[in-house]
>>> print(open('entry-v6.cif').read())   # mmCIF, C-alpha atoms
data_coords
#
loop_
_atom_site.label_atom_id
_atom_site.label_comp_id
_atom_site.auth_asym_id
_atom_site.auth_seq_id
_atom_site.Cartn_x
_atom_site.Cartn_y
_atom_site.Cartn_z
CA MET A 190 -44.13 95.52 -52.41
CA PRO A 191 -47.58 94.06 -51.65
CA PRO A 192 -48.93 91.26 -53.86
CA ARG A 193 -50.96 92.29 -56.91
CA ASP A 194 -54.69 91.80 -56.59
CA ASN A 195 -55.19 91.37 -60.34
CA PRO A 196 -52.11 90.16 -62.23
CA THR A 197 -52.38 90.32 -66.00
CA ALA A 198 -52.59 87.06 -67.93
CA ARG A 199 -48.99 87.58 -69.03
CA GLN A 200 -47.76 88.13 -65.47
CA ALA A 201 -49.62 85.01 -64.38
CA ARG A 202 -48.05 83.11 -67.27
CA LEU A 203 -44.54 84.09 -66.17
CA GLY A 204 -45.24 82.68 -62.73
CA ALA A 205 -46.83 79.54 -64.16
CA GLU A 206 -43.79 78.84 -66.33
CA LEU A 207 -41.48 79.24 -63.33
CA ARG A 208 -43.67 76.79 -61.45
CA LYS A 209 -43.49 74.31 -64.34
CA LEU A 210 -39.70 74.53 -64.34
CA ARG A 211 -39.58 73.97 -60.59
CA GLU A 212 -41.93 70.99 -60.73
CA ALA A 213 -40.02 69.47 -63.67
CA ALA A 214 -36.88 69.66 -61.52
CA ALA A 215 -38.72 67.98 -58.60
CA THR A 216 -37.82 70.98 -56.45
CA THR A 217 -40.08 72.23 -53.65
CA ALA A 218 -41.20 75.81 -53.19
CA ARG A 219 -39.41 75.73 -49.86
CA GLU A 220 -36.12 74.86 -51.57
CA ALA A 221 -36.61 77.64 -54.12
CA ALA A 222 -37.33 80.08 -51.29
CA GLY A 223 -34.12 79.01 -49.62
CA LEU A 224 -32.12 79.77 -52.75
CA LEU A 225 -33.49 83.32 -52.89
CA SER A 226 -33.45 83.80 -49.10
CA VAL A 227 -37.17 84.59 -49.02
CA ASP A 228 -40.10 82.93 -47.31
CA GLN A 229 -42.05 80.22 -49.08
CA ALA A 230 -45.12 82.43 -49.42
CA LYS A 231 -43.16 84.76 -51.69
CA ILE A 232 -42.41 81.90 -54.08
CA SER A 233 -46.12 81.08 -54.14
CA HIS A 234 -46.95 84.70 -54.93
CA ILE A 235 -44.35 84.81 -57.72
CA GLU A 236 -45.65 81.60 -59.26
CA ALA A 237 -49.22 82.95 -59.14
CA GLY A 238 -48.15 86.19 -60.85
CA ARG A 239 -49.03 88.24 -57.78
CA LEU A 240 -45.43 89.39 -57.27
CA GLY A 241 -42.88 90.50 -59.82
CA VAL A 242 -39.51 88.82 -60.12
CA SER A 243 -36.22 90.26 -61.34
CA GLU A 244 -34.28 88.95 -64.33
CA ASP A 245 -31.42 87.98 -62.03
CA ARG A 246 -33.75 85.85 -59.91
CA ILE A 247 -35.27 84.23 -63.00
CA ARG A 248 -31.80 83.21 -64.17
CA ARG A 249 -30.83 81.98 -60.72
CA LEU A 250 -33.98 79.90 -60.45
CA ALA A 251 -33.52 78.52 -63.97
CA ALA A 252 -29.99 77.41 -63.13
CA PHE A 253 -31.22 75.89 -59.86
CA TYR A 254 -33.86 73.98 -61.83
CA SER A 255 -31.21 72.79 -64.34
CA CYS A 256 -32.96 74.62 -67.18
CA ASP A 257 -30.56 75.56 -69.97
CA ASP A 258 -33.21 76.61 -72.49
CA GLU A 259 -31.84 80.10 -73.15
CA PRO A 260 -34.63 81.22 -75.56
CA LEU A 261 -37.23 80.36 -72.89
CA ILE A 262 -35.24 82.05 -70.13
CA GLU A 263 -34.82 85.19 -72.23
CA ALA A 264 -38.55 85.20 -73.05
CA LEU A 265 -39.39 85.02 -69.34
CA CYS A 266 -36.94 87.82 -68.60
CA ALA A 267 -38.60 89.94 -71.30
CA ILE A 268 -41.93 89.53 -69.51
CA ALA A 269 -40.29 90.51 -66.22
CA ARG A 270 -38.99 93.72 -67.81
CA GLU A 271 -42.44 94.87 -68.83
CA HIS A 272 -44.31 97.39 -66.74
CA ARG A 273 -47.80 98.76 -66.65
CA GLY A 274 -48.38 101.82 -68.77
CA GLN A 275 -46.03 100.97 -71.64
CA TYR A 276 -48.69 99.62 -74.03
CA TRP A 277 -51.72 101.30 -75.60
CA PHE A 278 -54.19 98.96 -73.90
CA ASP A 279 -52.98 100.00 -70.44
CA GLU A 280 -55.02 103.19 -70.78
CA TYR A 281 -58.15 101.05 -70.44
CA ARG A 282 -57.10 99.67 -67.07
CA GLY A 283 -59.88 100.52 -64.63
CA ILE A 284 -62.23 101.31 -67.52
CA LEU A 285 -62.73 97.84 -68.99
CA ALA A 286 -62.64 94.43 -67.32
CA PRO A 287 -59.14 92.86 -67.20
CA GLY A 288 -60.08 90.27 -69.82
CA PHE A 289 -60.21 92.93 -72.53
CA LEU A 290 -56.68 94.01 -71.72
CA ASP A 291 -55.51 90.41 -71.55
CA ILE A 292 -56.68 89.59 -75.08
CA ALA A 293 -55.04 92.73 -76.48
CA GLU A 294 -51.86 91.85 -74.60
CA LEU A 295 -51.93 88.29 -75.97
CA GLU A 296 -52.32 89.55 -79.54
CA HIS A 297 -49.61 92.17 -79.09
CA HIS A 298 -46.94 89.68 -78.08
CA ALA A 299 -47.89 86.80 -80.38
CA ILE A 300 -45.71 86.01 -83.39
CA ALA A 301 -48.65 84.32 -85.16
CA LEU A 302 -52.39 83.94 -84.52
CA ARG A 303 -55.01 81.40 -85.57
CA THR A 304 -58.70 81.68 -84.84
CA MET A 305 -61.85 79.64 -85.37
CA GLN A 306 -65.26 81.34 -85.28
CA SER A 307 -68.66 79.69 -85.68
CA VAL A 308 -71.17 82.47 -84.89
CA THR A 309 -69.38 85.83 -84.93
CA LEU A 310 -66.44 87.22 -86.88
CA PRO A 311 -62.97 87.68 -85.33
CA GLY A 312 -62.65 90.83 -83.25
CA LEU A 313 -59.70 92.08 -85.31
CA PHE A 314 -61.87 91.92 -88.44
CA GLN A 315 -64.95 93.66 -87.06
CA THR A 316 -66.28 97.02 -88.17
CA GLU A 317 -67.28 99.62 -85.61
CA ASN A 318 -70.98 99.15 -86.31
CA TYR A 319 -70.79 95.36 -86.13
CA ALA A 320 -68.87 95.49 -82.83
CA ARG A 321 -71.37 97.98 -81.42
CA ALA A 322 -74.26 95.68 -82.37
CA LEU A 323 -72.60 92.79 -80.53
CA PHE A 324 -71.85 94.75 -77.38
CA SER A 325 -75.31 96.34 -77.38
CA GLY A 326 -76.83 92.86 -77.22
CA VAL A 327 -74.94 91.79 -74.11
CA THR A 328 -77.08 90.61 -71.17
CA PRO A 329 -77.56 92.37 -68.80
CA LYS A 330 -77.61 95.46 -70.97
CA LEU A 331 -74.47 97.60 -70.71
CA PRO A 332 -74.44 101.37 -70.08
CA ALA A 333 -73.85 103.34 -73.29
CA ALA A 334 -70.44 104.52 -72.08
CA GLU A 335 -69.32 100.92 -71.48
CA VAL A 336 -70.45 99.90 -74.97
CA GLU A 337 -68.51 102.76 -76.54
CA ALA A 338 -65.38 102.01 -74.51
CA ARG A 339 -65.50 98.38 -75.65
CA VAL A 340 -65.99 99.40 -79.28
CA GLU A 341 -63.13 101.90 -79.11
CA HIS A 342 -60.84 99.28 -77.55
CA ARG A 343 -61.75 96.73 -80.22
CA MET A 344 -61.02 99.19 -83.01
CA LYS A 345 -57.60 100.00 -81.53
CA ARG A 346 -56.69 96.31 -81.50
CA VAL A 347 -56.68 96.45 -85.31
CA THR A 348 -53.51 98.58 -85.21
CA LEU A 349 -51.76 95.22 -84.84
CA PHE A 350 -51.85 95.00 -88.64
CA ASP A 351 -50.21 98.41 -89.07
CA ARG A 352 -46.84 97.16 -87.85
CA ALA A 353 -43.95 96.92 -90.28
CA GLU A 354 -44.02 93.15 -89.67
CA PRO A 355 -47.48 92.18 -88.35
CA PRO A 356 -48.05 88.66 -87.04
CA GLN A 357 -49.55 86.17 -89.48
CA PHE A 358 -53.27 85.85 -88.77
CA ASP A 359 -55.10 82.77 -90.07
CA ALA A 360 -58.87 82.78 -89.59
CA ILE A 361 -61.25 79.87 -90.14
CA ILE A 362 -64.84 81.11 -90.14
CA HIS A 363 -67.97 78.99 -90.43
CA GLU A 364 -70.50 80.06 -93.04
CA ALA A 365 -73.03 80.46 -90.22
CA ALA A 366 -71.07 83.44 -88.89
CA LEU A 367 -71.12 85.05 -92.33
CA ARG A 368 -74.89 84.80 -92.56
CA MET A 369 -75.66 86.32 -89.15
CA ARG A 370 -77.25 89.75 -89.56
CA PHE A 371 -76.17 91.40 -86.33
CA GLY A 372 -77.18 95.06 -86.52
CA GLY A 373 -79.36 94.53 -89.59
CA ARG A 374 -78.76 94.09 -93.31
CA LYS A 375 -76.78 97.30 -93.81
CA VAL A 376 -74.38 96.58 -90.95
CA ALA A 377 -74.00 92.93 -92.03
CA ARG A 378 -73.24 93.92 -95.63
CA GLU A 379 -70.72 96.54 -94.53
CA GLN A 380 -69.07 93.92 -92.32
CA LEU A 381 -68.76 91.35 -95.11
CA GLU A 382 -67.32 93.93 -97.50
CA HIS A 383 -64.80 94.88 -94.82
CA LEU A 384 -63.94 91.21 -94.32
CA LEU A 385 -63.19 90.94 -98.05
CA ASP A 386 -60.86 93.94 -97.78
CA VAL A 387 -59.12 92.50 -94.72
CA SER A 388 -58.61 89.16 -96.46
CA THR A 389 -56.34 90.86 -99.02
CA ARG A 390 -53.80 91.91 -96.39
CA PRO A 391 -50.49 90.05 -96.84
CA ALA A 392 -50.48 88.84 -93.22
CA VAL A 393 -54.11 87.64 -93.24
CA THR A 394 -55.64 84.38 -94.47
CA VAL A 395 -59.40 83.87 -94.33
CA ARG A 396 -60.94 80.46 -95.00
CA VAL A 397 -64.59 79.46 -94.73
CA ILE A 398 -66.12 76.19 -93.59
CA PRO A 399 -69.27 75.90 -95.76
CA PHE A 400 -72.63 74.55 -94.70
CA THR A 401 -72.02 71.68 -97.12
CA ASN A 402 -69.27 70.32 -94.86
CA GLU A 403 -70.65 67.11 -93.32
CA ASP A 404 -68.22 66.68 -90.42
CA PHE A 405 -68.77 68.02 -86.92
CA ILE A 406 -65.86 70.06 -85.58
CA GLU A 407 -65.77 70.45 -81.82
CA VAL A 408 -65.57 74.24 -81.75
CA THR A 409 -68.75 76.09 -80.82
CA GLN A 410 -67.08 79.04 -79.07
CA PRO A 411 -64.52 81.48 -80.51
CA VAL A 412 -61.01 80.04 -80.17
CA LEU A 413 -57.75 81.94 -80.56
CA TYR A 414 -54.38 80.17 -80.71
CA ALA A 415 -51.48 82.55 -80.14
CA ARG A 416 -47.93 81.43 -80.88
CA GLY A 417 -45.42 82.77 -78.40
CA VAL A 418 -41.82 83.72 -79.10
CA VAL A 419 -41.00 80.22 -77.85
CA PRO A 420 -43.34 77.20 -78.07
CA GLN A 421 -43.63 77.01 -74.27
CA LEU A 422 -45.45 80.36 -74.35
CA ASP A 423 -48.13 79.31 -76.84
CA THR A 424 -51.59 80.13 -75.48
CA VAL A 425 -55.18 79.26 -76.32
CA GLN A 426 -57.93 81.73 -75.49
CA ILE A 427 -61.55 80.61 -75.48
CA ASP A 428 -64.28 83.24 -75.41
CA SER A 429 -67.77 82.83 -74.01
CA ALA A 430 -70.67 84.81 -72.57
CA PHE A 431 -69.14 84.22 -69.14
CA GLY A 432 -65.71 85.59 -69.97
CA GLY A 433 -62.52 84.35 -71.57
CA ARG A 434 -60.30 81.47 -70.48
CA PHE A 435 -56.60 81.08 -71.14
CA LEU A 436 -55.20 77.58 -71.60
CA ASP A 437 -51.51 76.68 -71.72
CA SER A 438 -51.12 73.04 -70.67
CA ASP A 439 -49.38 70.76 -73.15
CA ALA A 440 -52.54 68.64 -73.41
CA ASP A 441 -54.77 71.64 -74.22
CA LEU A 442 -52.32 73.03 -76.77
CA ARG A 443 -52.09 69.67 -78.53
CA LYS A 444 -55.87 69.34 -78.56
CA TYR A 445 -56.43 72.71 -80.19
CA ARG A 446 -53.62 72.27 -82.71
CA THR A 447 -55.38 69.07 -83.77
CA LEU A 448 -58.74 70.86 -83.98
CA PHE A 449 -57.22 73.52 -86.22
CA GLU A 450 -55.79 70.83 -88.49
CA ILE A 451 -59.23 69.21 -88.77
CA ALA A 452 -60.88 72.58 -89.45
CA GLU A 453 -58.32 73.45 -92.13
CA GLN A 454 -59.10 70.21 -93.94
CA ALA A 455 -62.82 71.10 -93.90
CA ALA A 456 -62.37 74.72 -95.00
CA LEU A 457 -62.42 76.09 -98.53
CA ASP A 458 -59.23 77.61 -99.91
CA SER A 459 -58.72 81.38 -99.74
CA GLU A 460 -60.11 82.19 -103.19
CA ALA A 461 -63.20 80.00 -102.83
CA SER A 462 -63.73 81.54 -99.39
CA ARG A 463 -63.64 85.05 -100.87
CA GLN A 464 -66.20 83.99 -103.45
CA ILE A 465 -68.65 82.71 -100.86
CA ILE A 466 -68.23 85.85 -98.74
CA HIS A 467 -68.87 87.99 -101.82
CA HIS A 468 -71.93 85.91 -102.72
CA ILE A 469 -73.45 86.25 -99.24
CA ALA A 470 -72.77 90.01 -99.22
CA ARG A 471 -74.60 90.39 -102.55
CA GLU A 472 -77.63 88.60 -101.12
CA LEU A 473 -78.06 91.26 -98.43
#
>>> encode(input="entry-v6.cif", output="structure tokens")
Amino acid sequence: MPPRDNPTARQARLGAELRKLREAAATTAREAAGLLSVDQAKISHIEAGRLGVSEDRIRRLAAFYSCDDEPLIEALCAIAREHRGQYWFDEYRGILAPGFLDIAELEHHAIALRTMQSVTLPGLFQTENYARALFSGVTPKLPAAEVEARVEHRMKRVTLFDRAEPPQFDAIIHEAALRMRFGGRKVAREQLEHLLDVSTRPAVTVRVIPFTNEDFIEVTQPVLYARGVVPQLDTVQIDSAFGGRFLDSDADLRKYRTLFEIAEQAALDSEASRQIIHHIAREL
């Protein structure tokens, strides 16, 4: 099987975790290749997510690396069992850029999600009209069909909350994002009313950082922290005008956990947050 040209973020993560285990064991790629009776290049491709790896080989490598963390090993095997076409977002492959599928994939497999937003509202909370206003303002301007495909994809991501046991989603939103009027007053009001509805879901917590907060919090781009089925698979996704980035190093995860703790201390409680959202909606 030839190497994949565009591995998904989850496939790349499987390879990265195998590389971490190998490096922690002070084992070379050449030694790992010898265990599996393959050439060294194949190990490099596996660790880059460009080649799949069987569950049996994952377990053999884990044993070779003296890893006895069974929950982690089972989580990696679960990733290896996945195949393209089994999830709803796979239907957008070749229609939308891979990053859109990667974020949906990250949300789908997370057991809990935390987000911080300073200018826009979380994608899972957006209305169709609000999302369309955002995508219509992208530079360079997108074809109408691309805008509609992005909006449709974003609306389908919301089905995450329709599960019998949806992941807990904690959102910290700066007041600035609430006061943005993307799409005009009517769209902005509709969006805030929808946000109030969403905030009543059992799995959702919405908290607002008000303008009166006097501390600077080092988050100017949307940040999503996704908890994996094991801590080693926690992931941070940072969004920007130039595309999303996925971070999974221990240092990055610690940094963003600390940032969330600081933001939580600065945010209003859930009820006070609902009141400020309601107040801003009434002003429109």
>>> closest_residue(input="entry-v6.cif", among="A:Ala333, A:Ala322, A:Ala301, A:Ala230", to="Ala392 in chain A", atoms="all atoms listed in the file")
A:Ala301
>>> resolve_selection(input="entry-v6.cif", expression="the PyMOL selection byres ((chain A and resi 406-420) around 7)", output="VMD selection string")
chain A and resid 260 to 261 299 to 307 404 to 405 421 to 429 452
>>> residues_around(input="entry-v6.cif", residues="range 281-296 of chain A", least_positions_apart="3", cutoff="7 Å", atoms="all atoms listed in the file", output="list in words")
Thr197, Ala198, Phe278, Ala299, Arg346 and Gly433 of chain A
>>> resolve_selection(input="entry-v6.cif", expression="the PyMOL selection byres ((chain A and resi 335) around 12)", output="list in words")
Tyr281, Gly283, Ile284, Leu285, Ala286, Arg321, Phe324, Ser325, Val327, Lys330, Leu331, Pro332, Ala333, Ala334, Val336, Glu337, Ala338, Arg339, Val340, Glu341 and His342 of chain A
>>> closest_residue(input="entry-v6.cif", among="A:Lys444, A:Arg434, A:His468, A:Arg343", to="Gly312 in chain A", atoms="only C-alpha atoms")
A:Arg343
>>> decode(input="entry-v6.cif", residues="range 217-231 of chain A", atoms="all heavy atoms", output="PDB file, in the first residue's frame")
ATOM      1  N   THR A 217      15.820   3.085  18.423  1.00  0.00           N
ATOM      2  CA  THR A 217      15.927   3.724  17.111  1.00  0.00           C
ATOM      3  C   THR A 217      14.860   3.194  16.158  1.00  0.00           C
ATOM      4  O   THR A 217      14.310   2.102  16.353  1.00  0.00           O
ATOM      5  CB  THR A 217      17.311   3.474  16.487  1.00  0.00           C
ATOM      6  OG1 THR A 217      17.447   2.070  16.202  1.00  0.00           O
ATOM      7  CG2 THR A 217      18.414   3.916  17.429  1.00  0.00           C
ATOM      8  N   ALA A 218      14.586   3.976  15.122  1.00  0.00           N
ATOM      9  CA  ALA A 218      13.651   3.527  14.095  1.00  0.00           C
ATOM     10  C   ALA A 218      14.181   2.270  13.410  1.00  0.00           C
ATOM     11  O   ALA A 218      13.411   1.390  13.016  1.00  0.00           O
ATOM     12  CB  ALA A 218      13.423   4.646  13.071  1.00  0.00           C
ATOM     13  N   ARG A 219      15.478   2.182  13.309  1.00  0.00           N
ATOM     14  CA  ARG A 219      16.079   1.000  12.681  1.00  0.00           C
ATOM     15  C   ARG A 219      15.805  -0.245  13.513  1.00  0.00           C
ATOM     16  O   ARG A 219      15.503  -1.317  12.972  1.00  0.00           O
ATOM     17  CB  ARG A 219      17.587   1.219  12.528  1.00  0.00           C
ATOM     18  CG  ARG A 219      18.301   0.110  11.764  1.00  0.00           C
ATOM     19  CD  ARG A 219      19.739   0.495  11.495  1.00  0.00           C
ATOM     20  NE  ARG A 219      20.406  -0.483  10.662  1.00  0.00           N
ATOM     21  CZ  ARG A 219      21.642  -0.344  10.190  1.00  0.00           C
ATOM     22  NH1 ARG A 219      22.329   0.759  10.476  1.00  0.00           N
ATOM     23  NH2 ARG A 219      22.177  -1.287   9.441  1.00  0.00           N
ATOM     24  N   GLU A 220      15.875  -0.119  14.837  1.00  0.00           N
ATOM     25  CA  GLU A 220      15.602  -1.264  15.702  1.00  0.00           C
ATOM     26  C   GLU A 220      14.127  -1.660  15.633  1.00  0.00           C
ATOM     27  O   GLU A 220      13.793  -2.857  15.622  1.00  0.00           O
ATOM     28  CB  GLU A 220      15.991  -0.923  17.146  1.00  0.00           C
ATOM     29  CG  GLU A 220      17.499  -0.805  17.348  1.00  0.00           C
ATOM     30  CD  GLU A 220      17.859  -0.221  18.701  1.00  0.00           C
ATOM     31  OE1 GLU A 220      17.083   0.607  19.235  1.00  0.00           O
ATOM     32  OE2 GLU A 220      18.936  -0.589  19.227  1.00  0.00           O
ATOM     33  N   ALA A 221      13.240  -0.658  15.561  1.00  0.00           N
ATOM     34  CA  ALA A 221      11.816  -0.950  15.441  1.00  0.00           C
ATOM     35  C   ALA A 221      11.523  -1.645  14.109  1.00  0.00           C
ATOM     36  O   ALA A 221      10.709  -2.571  14.045  1.00  0.00           O
ATOM     37  CB  ALA A 221      11.001   0.345  15.547  1.00  0.00           C
ATOM     38  N   ALA A 222      12.196  -1.195  13.057  1.00  0.00           N
ATOM     39  CA  ALA A 222      12.025  -1.823  11.746  1.00  0.00           C
ATOM     40  C   ALA A 222      12.484  -3.274  11.782  1.00  0.00           C
ATOM     41  O   ALA A 222      11.859  -4.158  11.183  1.00  0.00           O
ATOM     42  CB  ALA A 222      12.805  -1.041  10.690  1.00  0.00           C
ATOM     43  N   GLY A 223      13.553  -3.508  12.510  1.00  0.00           N
ATOM     44  CA  GLY A 223      14.043  -4.883  12.625  1.00  0.00           C
ATOM     45  C   GLY A 223      13.038  -5.784  13.319  1.00  0.00           C
ATOM     46  O   GLY A 223      12.866  -6.951  12.937  1.00  0.00           O
ATOM     47  N   LEU A 224      12.374  -5.275  14.329  1.00  0.00           N
ATOM     48  CA  LEU A 224      11.365  -6.072  15.039  1.00  0.00           C
ATOM     49  C   LEU A 224      10.251  -6.503  14.100  1.00  0.00           C
ATOM     50  O   LEU A 224       9.798  -7.650  14.140  1.00  0.00           O
ATOM     51  CB  LEU A 224      10.782  -5.253  16.193  1.00  0.00           C
ATOM     52  CG  LEU A 224       9.586  -5.893  16.902  1.00  0.00           C
ATOM     53  CD1 LEU A 224      10.041  -7.050  17.790  1.00  0.00           C
ATOM     54  CD2 LEU A 224       8.826  -4.847  17.733  1.00  0.00           C
ATOM     55  N   LEU A 225       9.815  -5.585  13.242  1.00  0.00           N
ATOM     56  CA  LEU A 225       8.694  -5.865  12.344  1.00  0.00           C
ATOM     57  C   LEU A 225       9.133  -6.443  11.005  1.00  0.00           C
ATOM     58  O   LEU A 225       8.294  -6.737  10.152  1.00  0.00           O
ATOM     59  CB  LEU A 225       7.890  -4.583  12.098  1.00  0.00           C
ATOM     60  CG  LEU A 225       7.282  -3.899  13.336  1.00  0.00           C
ATOM     61  CD1 LEU A 225       6.468  -2.682  12.911  1.00  0.00           C
ATOM     62  CD2 LEU A 225       6.430  -4.863  14.143  1.00  0.00           C
ATOM     63  N   SER A 226      10.437  -6.581  10.821  1.00  0.00           N
ATOM     64  CA  SER A 226      10.986  -7.093   9.550  1.00  0.00           C
ATOM     65  C   SER A 226      10.554  -6.224   8.365  1.00  0.00           C
ATOM     66  O   SER A 226      10.106  -6.727   7.323  1.00  0.00           O
ATOM     67  CB  SER A 226      10.563  -8.549   9.323  1.00  0.00           C
ATOM     68  OG  SER A 226      11.092  -9.382  10.330  1.00  0.00           O
ATOM     69  N   VAL A 227      10.669  -4.909   8.547  1.00  0.00           N
ATOM     70  CA  VAL A 227      10.379  -3.971   7.471  1.00  0.00           C
ATOM     71  C   VAL A 227      11.563  -3.030   7.352  1.00  0.00           C
ATOM     72  O   VAL A 227      12.463  -3.026   8.196  1.00  0.00           O
ATOM     73  CB  VAL A 227       9.090  -3.160   7.750  1.00  0.00           C
ATOM     74  CG1 VAL A 227       7.889  -4.093   7.855  1.00  0.00           C
ATOM     75  CG2 VAL A 227       9.240  -2.327   9.026  1.00  0.00           C
ATOM     76  N   ASP A 228      11.578  -2.215   6.299  1.00  0.00           N
ATOM     77  CA  ASP A 228      12.681  -1.263   6.186  1.00  0.00           C
ATOM     78  C   ASP A 228      12.405  -0.040   7.059  1.00  0.00           C
ATOM     79  O   ASP A 228      11.273   0.233   7.466  1.00  0.00           O
ATOM     80  CB  ASP A 228      12.929  -0.864   4.727  1.00  0.00           C
ATOM     81  CG  ASP A 228      11.713  -0.249   4.055  1.00  0.00           C
ATOM     82  OD1 ASP A 228      11.189   0.750   4.587  1.00  0.00           O
ATOM     83  OD2 ASP A 228      11.286  -0.755   3.008  1.00  0.00           O
ATOM     84  N   GLN A 229      13.441   0.691   7.347  1.00  0.00           N
ATOM     85  CA  GLN A 229      13.341   1.828   8.259  1.00  0.00           C
ATOM     86  C   GLN A 229      12.382   2.896   7.744  1.00  0.00           C
ATOM     87  O   GLN A 229      11.717   3.575   8.521  1.00  0.00           O
ATOM     88  CB  GLN A 229      14.734   2.422   8.476  1.00  0.00           C
ATOM     89  CG  GLN A 229      14.792   3.517   9.530  1.00  0.00           C
ATOM     90  CD  GLN A 229      16.215   3.948   9.828  1.00  0.00           C
ATOM     91  OE1 GLN A 229      17.148   3.172   9.656  1.00  0.00           O
ATOM     92  NE2 GLN A 229      16.378   5.197  10.263  1.00  0.00           N
ATOM     93  N   ALA A 230      12.319   3.041   6.422  1.00  0.00           N
ATOM     94  CA  ALA A 230      11.434   4.050   5.831  1.00  0.00           C
ATOM     95  C   ALA A 230       9.981   3.783   6.202  1.00  0.00           C
ATOM     96  O   ALA A 230       9.196   4.731   6.397  1.00  0.00           O
ATOM     97  CB  ALA A 230      11.589   4.067   4.316  1.00  0.00           C
ATOM     98  N   LYS A 231       9.625   2.500   6.336  1.00  0.00           N
ATOM     99  CA  LYS A 231       8.236   2.180   6.677  1.00  0.00           C
ATOM    100  C   LYS A 231       7.912   2.645   8.088  1.00  0.00           C
ATOM    101  O   LYS A 231       6.810   3.141   8.349  1.00  0.00           O
ATOM    102  CB  LYS A 231       7.985   0.680   6.549  1.00  0.00           C
ATOM    103  CG  LYS A 231       6.518   0.308   6.703  1.00  0.00           C
ATOM    104  CD  LYS A 231       6.218  -1.069   6.171  1.00  0.00           C
ATOM    105  CE  LYS A 231       4.718  -1.326   6.158  1.00  0.00           C
ATOM    106  NZ  LYS A 231       4.359  -2.625   5.546  1.00  0.00           N
TER     107      LYS A 231
END
